[in-house]
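Source file data_29.tsv; content: TSV, C-alpha atoms.
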chain	number	residue	atom	x	y	z
I	1	MET	CA	-52.88	30.74	94.86
I	2	TRP	CA	-55.28	27.78	94.98
I	3	SER	CA	-53.39	26.06	97.76
I	4	TRP	CA	-53.36	29.32	99.75
I	5	GLN	CA	-57.14	29.64	99.39
I	6	LYS	CA	-57.59	26.00	100.30
I	7	ARG	CA	-55.47	26.46	103.45
I	8	LEU	CA	-57.51	29.57	104.37
I	9	ASN	CA	-60.74	27.66	103.90
I	10	GLU	CA	-59.45	24.79	106.04
I	11	ARG	CA	-58.41	27.30	108.71
I	12	HIS	CA	-61.96	28.72	108.71
I	13	MET	CA	-63.62	25.33	108.51
I	14	ALA	CA	-61.70	23.79	111.41
I	15	PRO	CA	-63.60	25.56	114.25
I	16	ILE	CA	-66.92	24.91	112.46
I	17	ARG	CA	-66.05	21.25	112.08
I	18	ARG	CA	-65.07	21.07	115.75
I	19	LEU	CA	-68.33	22.79	116.68
I	20	LEU	CA	-70.29	20.34	114.56
I	21	ILE	CA	-68.54	17.37	116.19
I	22	VAL	CA	-69.28	18.74	119.67
I	23	LEU	CA	-72.91	19.35	118.67
I	24	ALA	CA	-73.31	15.86	117.20
I	25	THR	CA	-71.71	14.30	120.29
I	26	THR	CA	-74.05	16.28	122.56
I	27	ILE	CA	-77.11	15.24	120.54
I	28	LEU	CA	-75.97	11.59	120.58
I	29	PHE	CA	-75.35	11.79	124.33
I	30	PHE	CA	-78.84	13.16	124.97
I	31	LEU	CA	-80.42	10.60	122.68
I	32	ALA	CA	-78.56	7.79	124.43
I	33	PHE	CA	-79.54	9.20	127.85
I	34	ARG	CA	-83.18	9.46	126.82
I	35	ALA	CA	-83.09	5.95	125.39
I	36	SER	CA	-81.69	4.65	128.66
I	37	ILE	CA	-84.59	6.23	130.56
I	38	VAL	CA	-87.16	4.70	128.24
I	39	THR	CA	-85.56	1.28	128.20
I	40	SER	CA	-85.35	1.24	131.97
I	41	GLN	CA	-88.93	-0.03	131.68
I	42	THR	CA	-88.57	-3.78	131.39
I	43	ALA	CA	-92.16	-4.55	130.61
I	44	THR	CA	-92.87	-7.94	129.08
I	45	ASN	CA	-94.55	-6.84	125.87
I	46	GLN	CA	-94.29	-10.30	124.43
I	47	LEU	CA	-95.44	-13.70	125.62
I	48	GLN	CA	-94.91	-17.17	124.22
I	49	PRO	CA	-96.74	-17.42	120.86
I	50	GLY	CA	-98.82	-20.29	122.27
I	51	PHE	CA	-100.66	-17.85	124.54
I	52	ASN	CA	-101.88	-15.84	121.57
I	53	GLU	CA	-103.09	-18.97	119.75
I	54	ALA	CA	-104.81	-20.32	122.86
I	55	LEU	CA	-106.53	-16.99	123.55
I	56	SER	CA	-107.78	-16.57	119.98
I	57	THR	CA	-109.10	-20.18	119.94
I	58	LEU	CA	-110.85	-19.49	123.24
I	59	GLN	CA	-112.38	-16.27	121.88
I	60	ARG	CA	-113.59	-18.16	118.81
I	61	ALA	CA	-115.18	-20.81	121.04
I	62	GLU	CA	-116.90	-18.05	123.02
I	63	ALA	CA	-118.13	-16.35	119.85
I	64	ALA	CA	-119.47	-19.74	118.69
I	65	GLY	CA	-121.61	-19.84	121.82
I	66	ALA	CA	-119.57	-21.57	124.55
I	67	THR	CA	-120.88	-20.66	128.01
I	68	SER	CA	-118.80	-19.10	130.78
I	69	SER	CA	-118.97	-22.31	132.85
I	70	GLU	CA	-117.58	-24.28	129.89
I	71	LEU	CA	-114.79	-21.74	129.41
I	72	ALA	CA	-113.87	-21.41	133.10
I	73	PRO	CA	-111.61	-24.54	133.35
I	74	LEU	CA	-109.72	-23.50	130.21
I	75	VAL	CA	-109.23	-19.95	131.52
I	76	ASP	CA	-107.91	-21.46	134.79
I	77	LEU	CA	-105.43	-23.56	132.79
I	78	LEU	CA	-104.29	-20.47	130.89
I	79	ASN	CA	-103.77	-18.59	134.16
I	80	LYS	CA	-101.73	-21.50	135.53
I	81	ALA	CA	-99.59	-21.40	132.37
I	82	LEU	CA	-99.19	-17.65	132.88
I	83	ASP	CA	-98.02	-18.20	136.48
I	84	LEU	CA	-95.48	-20.76	135.24
I	85	SER	CA	-94.31	-18.27	132.62
I	86	ASN	CA	-93.81	-15.63	135.34
I	87	GLN	CA	-91.87	-18.17	137.40
I	88	ALA	CA	-89.68	-19.00	134.41
I	89	ASN	CA	-88.99	-15.30	133.77
I	90	ARG	CA	-87.90	-14.80	137.38
I	91	LEU	CA	-85.32	-17.61	137.22
I	92	SER	CA	-81.67	-16.68	136.96
I	93	ALA	CA	-79.45	-17.66	134.04
I	94	GLU	CA	-78.02	-20.64	135.97
I	95	ASP	CA	-81.45	-22.25	136.28
I	96	SER	CA	-81.70	-23.05	132.58
I	97	GLN	CA	-82.74	-26.64	133.28
I	98	THR	CA	-85.63	-25.60	135.50
I	99	ARG	CA	-86.58	-22.97	132.94
I	100	SER	CA	-86.69	-25.49	130.10
I	101	GLN	CA	-88.80	-27.82	132.27
I	102	LEU	CA	-91.21	-24.98	132.95
I	103	GLN	CA	-91.30	-24.06	129.25
I	104	THR	CA	-92.20	-27.66	128.38
I	105	GLN	CA	-94.96	-27.61	131.01
I	106	ILE	CA	-96.28	-24.31	129.65
I	107	SER	CA	-96.26	-25.59	126.06
I	108	ASP	CA	-98.12	-28.75	127.11
I	109	GLN	CA	-100.76	-26.74	128.96
I	110	LEU	CA	-101.21	-24.33	126.06
I	111	LYS	CA	-101.57	-27.20	123.58
I	112	SER	CA	-104.13	-28.83	125.88
I	113	VAL	CA	-106.09	-25.55	126.09
I	114	GLU	CA	-105.97	-25.12	122.32
I	115	THR	CA	-107.20	-28.67	121.67
I	116	GLN	CA	-110.00	-28.42	124.23
I	117	ALA	CA	-111.01	-24.95	123.01
I	118	ALA	CA	-111.19	-26.20	119.42
I	119	GLN	CA	-113.44	-29.10	120.53
I	120	LEU	CA	-115.53	-26.65	122.55
I	121	GLU	CA	-115.82	-24.36	119.52
I	122	ASN	CA	-117.14	-27.24	117.36
I	123	MET	CA	-119.57	-28.35	120.03
I	124	ALA	CA	-120.77	-24.80	120.74
I	125	SER	CA	-121.23	-23.90	117.07
I	126	GLN	CA	-123.24	-27.10	116.47
I	127	ARG	CA	-125.34	-26.40	119.54
I	128	THR	CA	-125.91	-22.78	118.50
I	129	PHE	CA	-126.90	-23.89	114.99
I	130	THR	CA	-129.31	-26.51	116.36
I	131	ASN	CA	-130.82	-23.99	118.79
I	132	ARG	CA	-131.25	-21.45	116.02
I	133	VAL	CA	-132.92	-23.99	113.70
I	134	ILE	CA	-135.22	-25.12	116.55
I	135	THR	CA	-136.14	-21.49	117.31
I	136	TYR	CA	-136.95	-20.64	113.68
I	137	VAL	CA	-138.89	-23.88	113.11
I	138	SER	CA	-140.77	-23.34	116.40
I	139	SER	CA	-141.76	-19.85	115.32
I	140	GLY	CA	-143.05	-21.33	112.00
I	141	VAL	CA	-145.05	-23.93	113.96
I	142	GLY	CA	-146.24	-21.12	116.23
I	143	ALA	CA	-147.46	-19.21	113.17
I	144	VAL	CA	-149.40	-22.32	111.98
I	145	ILE	CA	-150.98	-22.81	115.43
I	146	ALA	CA	-151.87	-19.12	115.64
I	147	THR	CA	-153.48	-19.27	112.16
I	148	LEU	CA	-155.48	-22.37	113.11
I	149	ALA	CA	-156.56	-20.67	116.33
I	150	TYR	CA	-157.62	-17.67	114.28
I	151	ALA	CA	-159.55	-19.88	111.84
I	152	TYR	CA	-161.31	-21.78	114.63
I	153	GLY	CA	-161.95	-18.57	116.53
I	154	THR	CA	-163.52	-16.80	113.54
I	155	SER	CA	-165.62	-19.86	112.56
I	156	PHE	CA	-166.78	-20.25	116.16
I	157	TRP	CA	-167.63	-16.56	116.28
I	158	ARG	CA	-169.54	-16.77	112.99
I	159	LYS	CA	-171.52	-19.82	114.18
I	160	TYR	CA	-172.27	-18.06	117.44
I	161	ARG	CA	-173.53	-14.97	115.58
I	162	VAL	CA	-175.72	-17.12	113.32
I	163	LYS	CA	-177.09	-18.98	116.34
I	164	ARG	CA	-177.81	-15.71	118.08
I	165	THR	CA	-179.51	-14.35	114.97
I	166	PHE	CA	-181.86	-17.35	114.74
I	167	GLN	CA	-182.60	-17.14	118.44
I	168	MET	CA	-183.88	-13.60	118.01
I	169	LYS	CA	-187.54	-12.98	118.64
I	170	ILE	CA	-189.65	-10.21	117.29
I	171	SER	CA	-191.69	-8.69	120.03
I	172	THR	CA	-194.19	-5.87	119.82
I	173	LYS	CA	-193.69	-2.87	121.98
J	1	MET	CA	-159.57	-19.62	96.14
J	2	SER	CA	-162.39	-18.53	98.36
J	3	LEU	CA	-162.22	-15.29	100.31
J	4	GLN	CA	-161.96	-17.22	103.59
J	5	LYS	CA	-158.93	-19.22	102.40
J	6	ARG	CA	-157.27	-16.09	101.05
J	7	THR	CA	-157.80	-14.38	104.41
J	8	LEU	CA	-156.26	-17.39	106.18
J	9	VAL	CA	-153.18	-17.31	103.95
J	10	ILE	CA	-152.71	-13.59	104.64
J	11	VAL	CA	-153.14	-14.16	108.38
J	12	PHE	CA	-150.62	-17.05	108.29
J	13	ILE	CA	-148.01	-14.95	106.44
J	14	THR	CA	-148.51	-12.09	108.91
J	15	PHE	CA	-148.07	-14.41	111.90
J	16	LEU	CA	-145.04	-16.04	110.25
J	17	ILE	CA	-143.33	-12.68	109.71
J	18	VAL	CA	-144.02	-11.55	113.29
J	19	PHE	CA	-142.89	-14.85	114.86
J	20	GLU	CA	-139.74	-15.15	112.72
J	21	MET	CA	-138.79	-11.58	113.57
J	22	ALA	CA	-139.18	-12.40	117.25
J	23	ALA	CA	-136.97	-15.48	116.73
J	24	TYR	CA	-134.32	-13.38	114.95
J	25	ILE	CA	-134.28	-10.83	117.78
J	26	ALA	CA	-134.03	-13.61	120.37
J	27	THR	CA	-131.14	-15.41	118.67
J	28	THR	CA	-129.06	-12.38	117.63
J	29	PRO	CA	-126.77	-11.04	120.37
J	30	ARG	CA	-127.31	-7.36	121.00
J	31	PRO	CA	-124.31	-5.07	120.45
J	32	ARG	CA	-123.10	-3.56	123.71
J	33	GLU	CA	-120.47	-1.15	124.87
J	34	GLN	CA	-117.03	-2.71	125.31
J	35	PHE	CA	-115.01	-1.48	128.26
J	36	TYR	CA	-113.01	-2.35	131.36
J	37	GLN	CA	-113.38	-1.14	134.90
J	38	LEU	CA	-110.22	-0.48	136.92
J	39	TYR	CA	-110.18	0.36	140.60
J	40	VAL	CA	-107.99	0.67	143.66
J	41	LEU	CA	-109.47	0.28	147.12
J	42	GLY	CA	-107.92	1.00	150.49
J	43	ALA	CA	-107.01	-1.40	153.31
J	44	ASN	CA	-110.66	-1.88	154.35
J	45	HIS	CA	-111.90	-2.61	150.84
J	46	MET	CA	-113.36	0.87	150.48
J	47	ALA	CA	-112.42	4.01	148.57
J	48	ALA	CA	-110.74	5.29	151.75
J	49	ASP	CA	-107.90	4.37	154.14
J	50	TYR	CA	-105.25	4.31	151.45
J	51	TYR	CA	-102.46	5.08	153.94
J	52	PRO	CA	-101.57	3.55	157.30
J	53	ASN	CA	-103.15	5.75	160.03
J	54	ASP	CA	-104.44	8.03	157.24
J	55	ASP	CA	-100.99	9.58	156.97
J	56	PRO	CA	-99.71	9.99	153.39
J	57	ASN	CA	-96.14	10.25	154.70
J	58	ILE	CA	-95.08	6.66	154.25
J	59	ARG	CA	-92.23	5.50	156.49
J	60	MET	CA	-89.67	2.92	155.53
J	61	GLY	CA	-91.06	-0.51	156.40
J	62	ASP	CA	-94.69	0.65	156.67
J	63	ALA	CA	-96.84	-1.93	154.87
J	64	VAL	CA	-99.46	-0.23	152.71
J	65	ARG	CA	-102.37	-2.45	151.73
J	66	TRP	CA	-104.54	-1.77	148.69
J	67	TYR	CA	-106.80	-3.87	146.51
J	68	VAL	CA	-106.48	-3.51	142.77
J	69	GLY	CA	-109.27	-4.82	140.56
J	70	VAL	CA	-110.22	-5.07	136.90
J	71	THR	CA	-113.61	-6.06	135.47
J	72	ASN	CA	-113.92	-7.21	131.89
J	73	PHE	CA	-116.94	-5.96	129.93
J	74	MET	CA	-115.46	-6.67	126.49
J	75	GLY	CA	-117.80	-9.54	125.69
J	76	SER	CA	-115.06	-12.19	125.51
J	77	VAL	CA	-112.10	-13.68	127.40
J	78	GLN	CA	-109.25	-11.17	127.59
J	79	LEU	CA	-105.66	-11.11	128.79
J	80	VAL	CA	-105.03	-8.00	130.86
J	81	GLU	CA	-101.93	-6.57	132.45
J	82	ILE	CA	-101.62	-4.09	135.29
J	83	ARG	CA	-98.45	-2.01	135.10
J	84	VAL	CA	-97.42	-0.18	138.24
J	85	LYS	CA	-95.09	2.79	137.75
J	86	LEU	CA	-93.48	5.09	140.28
J	87	GLY	CA	-93.69	8.73	139.31
J	88	ASN	CA	-93.21	12.10	140.93
J	89	GLN	CA	-94.74	15.53	140.42
J	90	THR	CA	-92.81	16.30	137.23
J	91	ILE	CA	-93.16	13.01	135.34
J	92	GLN	CA	-96.13	13.16	133.00
J	93	PRO	CA	-99.04	10.85	133.80
J	94	PRO	CA	-100.67	8.90	130.94
J	95	ASP	CA	-102.00	11.12	128.16
J	96	ASP	CA	-105.77	10.65	127.98
J	97	GLN	CA	-106.11	12.57	124.73
J	98	HIS	CA	-103.52	10.65	122.72
J	99	ALA	CA	-103.67	7.42	124.77
J	100	PHE	CA	-99.95	7.42	125.62
J	101	PRO	CA	-98.71	5.63	128.73
J	102	SER	CA	-96.70	7.42	131.40
J	103	GLN	CA	-92.93	7.52	130.97
J	104	ALA	CA	-92.45	6.92	134.70
J	105	PRO	CA	-90.21	3.94	135.48
J	106	LEU	CA	-91.97	0.60	135.66
J	107	VAL	CA	-92.03	-1.00	139.09
J	108	THR	CA	-93.90	-4.23	138.51
J	109	GLU	CA	-96.63	-5.84	136.41
J	110	PHE	CA	-99.40	-8.40	136.92
J	111	HIS	CA	-101.10	-10.49	134.21
J	112	ARG	CA	-104.32	-12.42	134.17
J	113	PHE	CA	-106.82	-13.98	131.75
J	114	ILE	CA	-110.31	-12.84	132.73
J	115	GLN	CA	-113.66	-13.93	131.41
J	116	ASP	CA	-116.42	-11.62	130.27
J	117	ASN	CA	-118.18	-9.98	133.27
J	118	GLU	CA	-115.50	-11.35	135.59
J	119	THR	CA	-113.65	-9.24	138.14
J	120	TRP	CA	-110.03	-9.97	138.97
J	121	GLU	CA	-109.03	-8.44	142.26
J	122	PHE	CA	-105.77	-8.94	144.11
J	123	PRO	CA	-104.21	-7.50	147.26
J	124	PHE	CA	-101.47	-5.03	146.49
J	125	ILE	CA	-99.25	-4.77	149.56
J	126	TRP	CA	-96.20	-2.57	149.27
J	127	GLN	CA	-93.57	-0.95	151.42
J	128	ILE	CA	-90.54	1.26	150.97
J	129	LEU	CA	-87.38	-0.76	151.62
J	130	ASN	CA	-84.61	1.69	150.96
J	131	THR	CA	-84.17	5.40	150.29
J	132	THR	CA	-81.37	7.93	150.05
J	133	SER	CA	-81.49	11.65	150.53
J	134	SER	CA	-79.01	14.21	149.27
J	135	GLY	CA	-79.38	17.89	148.47
J	136	GLY	CA	-83.10	17.84	149.18
J	137	ILE	CA	-83.70	15.02	146.71
J	138	VAL	CA	-85.15	11.84	148.19
J	139	ARG	CA	-84.58	8.78	146.06
J	140	ILE	CA	-86.51	5.53	146.55
J	141	LEU	CA	-84.08	2.70	145.87
J	142	GLY	CA	-86.16	-0.30	146.74
J	143	LEU	CA	-89.76	-1.34	147.15
J	144	GLN	CA	-91.32	-4.56	148.27
J	145	ILE	CA	-94.54	-5.41	146.48
J	146	SER	CA	-96.44	-8.54	147.43
J	147	ASN	CA	-93.30	-10.38	148.67
J	148	GLN	CA	-91.30	-9.30	145.66
J	149	THR	CA	-88.31	-7.02	146.14
J	150	ILE	CA	-87.84	-4.43	143.43
J	151	GLN	CA	-84.75	-2.27	142.92
J	152	LEU	CA	-85.36	1.17	141.43
J	153	LEU	CA	-83.06	3.63	139.73
J	154	ASN	CA	-84.84	6.74	138.54
J	155	SER	CA	-87.37	7.45	141.27
J	156	SER	CA	-86.76	10.67	143.13
J	157	ALA	CA	-88.75	13.63	144.41
J	158	GLN	CA	-87.95	17.04	145.85
J	159	ASN	CA	-87.79	16.63	149.65
J	160	GLY	CA	-89.65	13.35	149.24
J	161	TYR	CA	-92.94	15.07	148.44
J	162	ASN	CA	-95.44	13.98	145.81
J	163	PHE	CA	-94.38	10.56	144.75
J	164	ARG	CA	-97.18	8.72	143.01
J	165	LEU	CA	-97.86	5.12	142.11
J	166	ILE	CA	-99.42	5.07	138.65
J	167	ILE	CA	-101.51	2.00	137.83
J	168	GLU	CA	-102.08	1.46	134.11
J	169	LEU	CA	-104.32	-1.06	132.38
J	170	TRP	CA	-102.75	-2.79	129.37
J	171	THR	CA	-104.50	-5.42	127.29
J	172	TRP	CA	-103.33	-8.13	124.94
J	173	ASN	CA	-103.98	-7.49	121.26
J	174	VAL	CA	-104.43	-10.81	119.47
J	175	ASP	CA	-103.77	-9.27	116.04
J	176	SER	CA	-100.44	-7.68	116.94
J	177	SER	CA	-99.51	-10.37	119.52
J	178	SER	CA	-98.45	-7.77	122.07
J	179	PHE	CA	-99.73	-5.76	124.99
J	180	GLU	CA	-101.12	-2.33	124.17
J	181	PHE	CA	-101.99	0.51	126.50
J	182	GLY	CA	-105.76	0.56	127.01
J	183	TRP	CA	-108.05	-1.12	124.51
J	184	PHE	CA	-109.97	-0.53	121.31
J	185	ALA	CA	-113.77	-0.29	121.41
J	186	GLY	CA	-114.47	-0.37	117.68
J	187	THR	CA	-112.11	2.24	116.30
J	188	GLU	CA	-111.93	4.25	119.51
J	189	HIS	CA	-108.78	3.86	121.61
J	190	ARG	CA	-109.64	4.04	125.29
J	191	ILE	CA	-107.41	3.94	128.33
J	192	ALA	CA	-107.81	3.39	132.06
J	193	TRP	CA	-105.32	4.41	134.72
J	194	LEU	CA	-105.21	5.48	138.33
J	195	GLN	CA	-102.72	7.15	140.60
J	196	VAL	CA	-102.25	7.42	144.34
J	197	TRP	CA	-99.99	10.12	145.73
J	198	PHE	CA	-97.75	9.69	148.76
J	199	ASN	CA	-94.76	11.32	150.44
J	200	ALA	CA	-91.55	9.70	151.52
J	201	THR	CA	-90.61	12.53	153.86
J	202	ALA	CA	-90.54	10.57	157.09
J	203	VAL	CA	-88.37	7.71	155.90
J	204	HIS	CA	-86.75	6.72	159.22

In structure tokens, what does this structure look like?
Amino acid sequence: MWSWQKRLNERHMAPIRRLLIVLATTILFFLAFRASIVTSQTATNQLQPGFNEALSTLQRAEAAGATSSELAPLVDLLNKALDLSNQANRLSAEDSQTRSQLQTQISDQLKSVETQAAQLENMASQRTFTNRVITYVSSGVGAVIATLAYAYGTSFWRKYRVKRTFQMKISTK
Amino acid sequence: MSLQKRTLVIVFITFLIVFEMAAYIATTPRPREQFYQLYVLGANHMAADYYPNDDPNIRMGDAVRWYVGVTNFMGSVQLVEIRVKLGNQTIQPPDDQHAFPSQAPLVTEFHRFIQDNETWEFPFIWQILNTTSSGGIVRILGLQISNQTIQLLNSSAQNGYNFRLIIELWTWNVDSSSFEFGWFAGTEHRIAWLQVWFNATAVH
């Protein structure tokens, strides 16, 4: 009795199972097809980590007060490193030696940029600090000078008024 | 303390406050809007003449000359990327509302570090190298862009009408160490993209 029921169930389940397999295969096929369309974009979302470090050091230097003329040579170096990176990416698999030479060159340039940017950051932050101190001290000195000018001005005005008062004459009309 | 001295002290403090405030305003950088400017100009460096002889039907071997430019107004050095994609009428362009890039196939990309207030402009010269046509579907198989030959797979249009080159601006995110579509101005995600339509109907 049980085995008969089991066989009946299996007989009913078989087309459903087949349908499910076909459905799963179709879904997988469409997913794979969609994935192939998306991955046909071969955008370089990643760069050598050195680029990120160099850029963030450069941004820190700029935030510390480095001028655009000070940053320009470092930005040029970064762009040269970027060109080398593009060249390296375009090389075929057989050119591994050239690629490794280019990678070494890129790493050297990035390290150089990082070192120079760090020095620039120190220099710029010191300069900004000095400029800020000079500005605040100058405004304090300015306040002293303005107060002295006020004091001299008021005393001069008072003396002038006194002088004018004593120079007054009483005349009959 | 006499009245005169007291007056002088008050005057000095007033001047000091005013002058120090002026110094603070002078030394503190003002916040400004952060954005990029992206543009495409035609062969004569104007917003015109995008096609040879003003004909949007591009023939195979016709060199089309544009100038693509980006200006950085982000307030610091940035690494930007221009992604050029080849779409047709049915492929969705970038989604301005959700800041999603277009799913059109990528053709080529250009990178550059640019300083604040600097404009990076480069000539973008392209031509159709190879096409096939079957059943009213024209497929572009190869493009040459600035001396670089690019093979394409999924670029087709009905009767060769309404192809479009989509130019997207991507920027490097230092925190995530990757390129992202558009940029963040504070918490707001902004994007910049352009498209130029053309036909590949007269391919021979």

Could you list, with a cut-off of 7 Å and counting all atoms listed in the file, the residues of chain J near chain I, each shown with its nearest atom pair and the distance in Å rounded to one decimal, rows sorted by chain and ascending number, as a Markdown table?
| residue | atom | partner | partner_atom | distance |
| --- | --- | --- | --- | --- |
| J:Leu8 | CA | I:Thr147 | CA | 6.9 |
| J:Val11 | CA | I:Thr147 | CA | 6.4 |
| J:Phe12 | CA | I:Thr147 | CA | 5.3 |
| J:Phe15 | CA | I:Ala143 | CA | 5.0 |
| J:Leu16 | CA | I:Ala143 | CA | 4.9 |
| J:Phe19 | CA | I:Ser139 | CA | 5.1 |
| J:Glu20 | CA | I:Ser139 | CA | 5.7 |
| J:Ala23 | CA | I:Tyr136 | CA | 6.0 |
| J:Thr27 | CA | I:Arg132 | CA | 6.6 |
| J:Ser76 | CA | I:Gln59 | CA | 6.1 |
| J:Val77 | CA | I:Gln59 | CA | 6.1 |
| J:Gln103 | CA | I:Val38 | CA | 7.0 |
| J:Pro105 | CA | I:Gln41 | CA | 5.6 |
| J:Leu106 | CA | I:Gln41 | CA | 5.0 |
| J:Arg112 | CA | I:Asn79 | CA | 6.2 |
| J:Phe113 | CA | I:Asn79 | CA | 6.0 |
| J:Val174 | CA | I:Asn52 | CA | 6.0 |
| J:Ser177 | CA | I:Asn52 | CA | 6.3 |
| J:Ser178 | CA | I:Gln46 | CA | 5.4 |
| J:Phe179 | CA | I:Asn45 | CA | 5.4 |

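Atom to atom, CA of Ser133 in chain J and CA of Arg59 in chain J stand 13.7 Å apart.
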
Report the distance between CA of Gln37 in chain J and CA of Glu109 in chain J in Å, rounded to one decimal place. 17.5 Å

Using all atoms listed in the file, pick whichever of J:Phe181, J:Tyr50, J:Tyr36, J:Tyr67 has the shortest atom-to-atom distance to Glu121 in chain J.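 For Glu121 in chain J, the nearest of the candidates is J:Tyr67.
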
May I ask for the distance between CA of Gly75 in chain J and CA of Gln109 in chain I, given in Å to one decimal place?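 Here the two named atoms are 24.4 Å from each other.
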
Select, from I:Arg90, I:Thr25, I:Arg17, I:Ala66, the residue with the minimum atom-to-atom distance to Asn122 in chain I, counting all atoms listed in the file.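 For Asn122 in chain I, the nearest of the given residues is I:Ala66.
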
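Closest approach to Arg83 in chain J among J:Ala185, J:Ala104, J:Leu169, J:Ala26 is made by J:Leu169 (distances from only C-alpha atoms).
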
Place a sphere of radius 12 Å on (-93.8, -25.4, 124.9) in the file coordinates and name every protein, DNA or RNA residue with an atom inside or on its surface, counting all atoms listed in the file; give the answer as a list in words.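 Every residue inside that radius is included here: Leu47, Gln48, Pro49, Gly50, Phe51, Ala81, Leu84, Ser85, Arg99, Ser100, Gln101, Leu102, Gln103, Thr104, Gln105, Ile106, Ser107, Asp108, Gln109, Leu110, Lys111 and Ser112 of chain I.
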
Name the closest residue to Ala192 in chain J among the candidates J:Asn57, J:Thr108, J:Gln148, J:Ser102; distances are taken between atoms, counting all atoms listed in the file.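 Checking each candidate against Ala192 in chain J, we get J:Ser102 as the closest.
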
I need the residue nearest Pro52 in chain J from this list: J:Thr132, J:Gln127, J:Gln158, J:Gln97. Use only C-alpha atoms for the distance. J:Gln127

Fewer than 2 positions away in the same chain doesn't count, so skip those; otherwise give me all residues within 12 Å of Ile191 in chain J, counting only C-alpha atoms, as a PyMOL selection string. chain J and resi 35-38+94-102+167-171+180-185+188-189+193-194

Which of these residues is nearest to Pro73 in chain I, using only C-alpha atoms: J:Leu86, J:Thr7, J:Ile114, J:Asp55? J:Ile114

At the level of N, CA and C atoms, write range 119-133 of chain J to a file as a compact mmCIF listing (two decimals), in the first residue's frame, please.
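Here's the written file result_23.txt:
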# COMPACT_ATOMS: atom_id res chain seq x y z
N THR J 119 41.50 72.85 -16.21
CA THR J 119 40.70 72.18 -17.23
C THR J 119 41.59 71.21 -18.00
N TRP J 120 41.13 70.01 -18.12
CA TRP J 120 41.83 68.99 -18.93
C TRP J 120 41.00 68.79 -20.19
N GLU J 121 41.59 69.13 -21.30
CA GLU J 121 40.88 68.96 -22.57
C GLU J 121 41.74 68.13 -23.50
N PHE J 122 41.13 67.22 -24.22
CA PHE J 122 41.90 66.40 -25.16
C PHE J 122 41.09 66.18 -26.44
N PRO J 123 41.78 66.06 -27.58
CA PRO J 123 41.06 65.78 -28.82
C PRO J 123 40.57 64.35 -28.83
N PHE J 124 39.34 64.18 -29.22
CA PHE J 124 38.73 62.85 -29.26
C PHE J 124 38.39 62.57 -30.74
N ILE J 125 39.28 61.87 -31.40
CA ILE J 125 39.09 61.62 -32.84
C ILE J 125 38.71 60.15 -33.02
N TRP J 126 37.58 59.92 -33.66
CA TRP J 126 37.13 58.54 -33.78
C TRP J 126 36.59 58.27 -35.18
N GLN J 127 36.64 57.01 -35.55
CA GLN J 127 36.05 56.60 -36.82
C GLN J 127 35.58 55.16 -36.75
N ILE J 128 34.57 54.87 -37.58
CA ILE J 128 34.05 53.49 -37.62
C ILE J 128 34.98 52.69 -38.52
N LEU J 129 35.47 51.56 -38.02
CA LEU J 129 36.40 50.74 -38.80
C LEU J 129 35.68 49.60 -39.50
N ASN J 130 34.69 49.02 -38.82
CA ASN J 130 34.10 47.81 -39.36
C ASN J 130 32.66 47.66 -38.89
N THR J 131 31.79 47.30 -39.81
CA THR J 131 30.38 47.06 -39.44
C THR J 131 29.85 45.84 -40.19
N THR J 132 28.80 45.27 -39.67
CA THR J 132 28.08 44.22 -40.42
C THR J 132 26.60 44.58 -40.38
N SER J 133 25.90 44.07 -41.37
CA SER J 133 24.47 44.35 -41.43
C SER J 133 23.75 43.06 -41.81
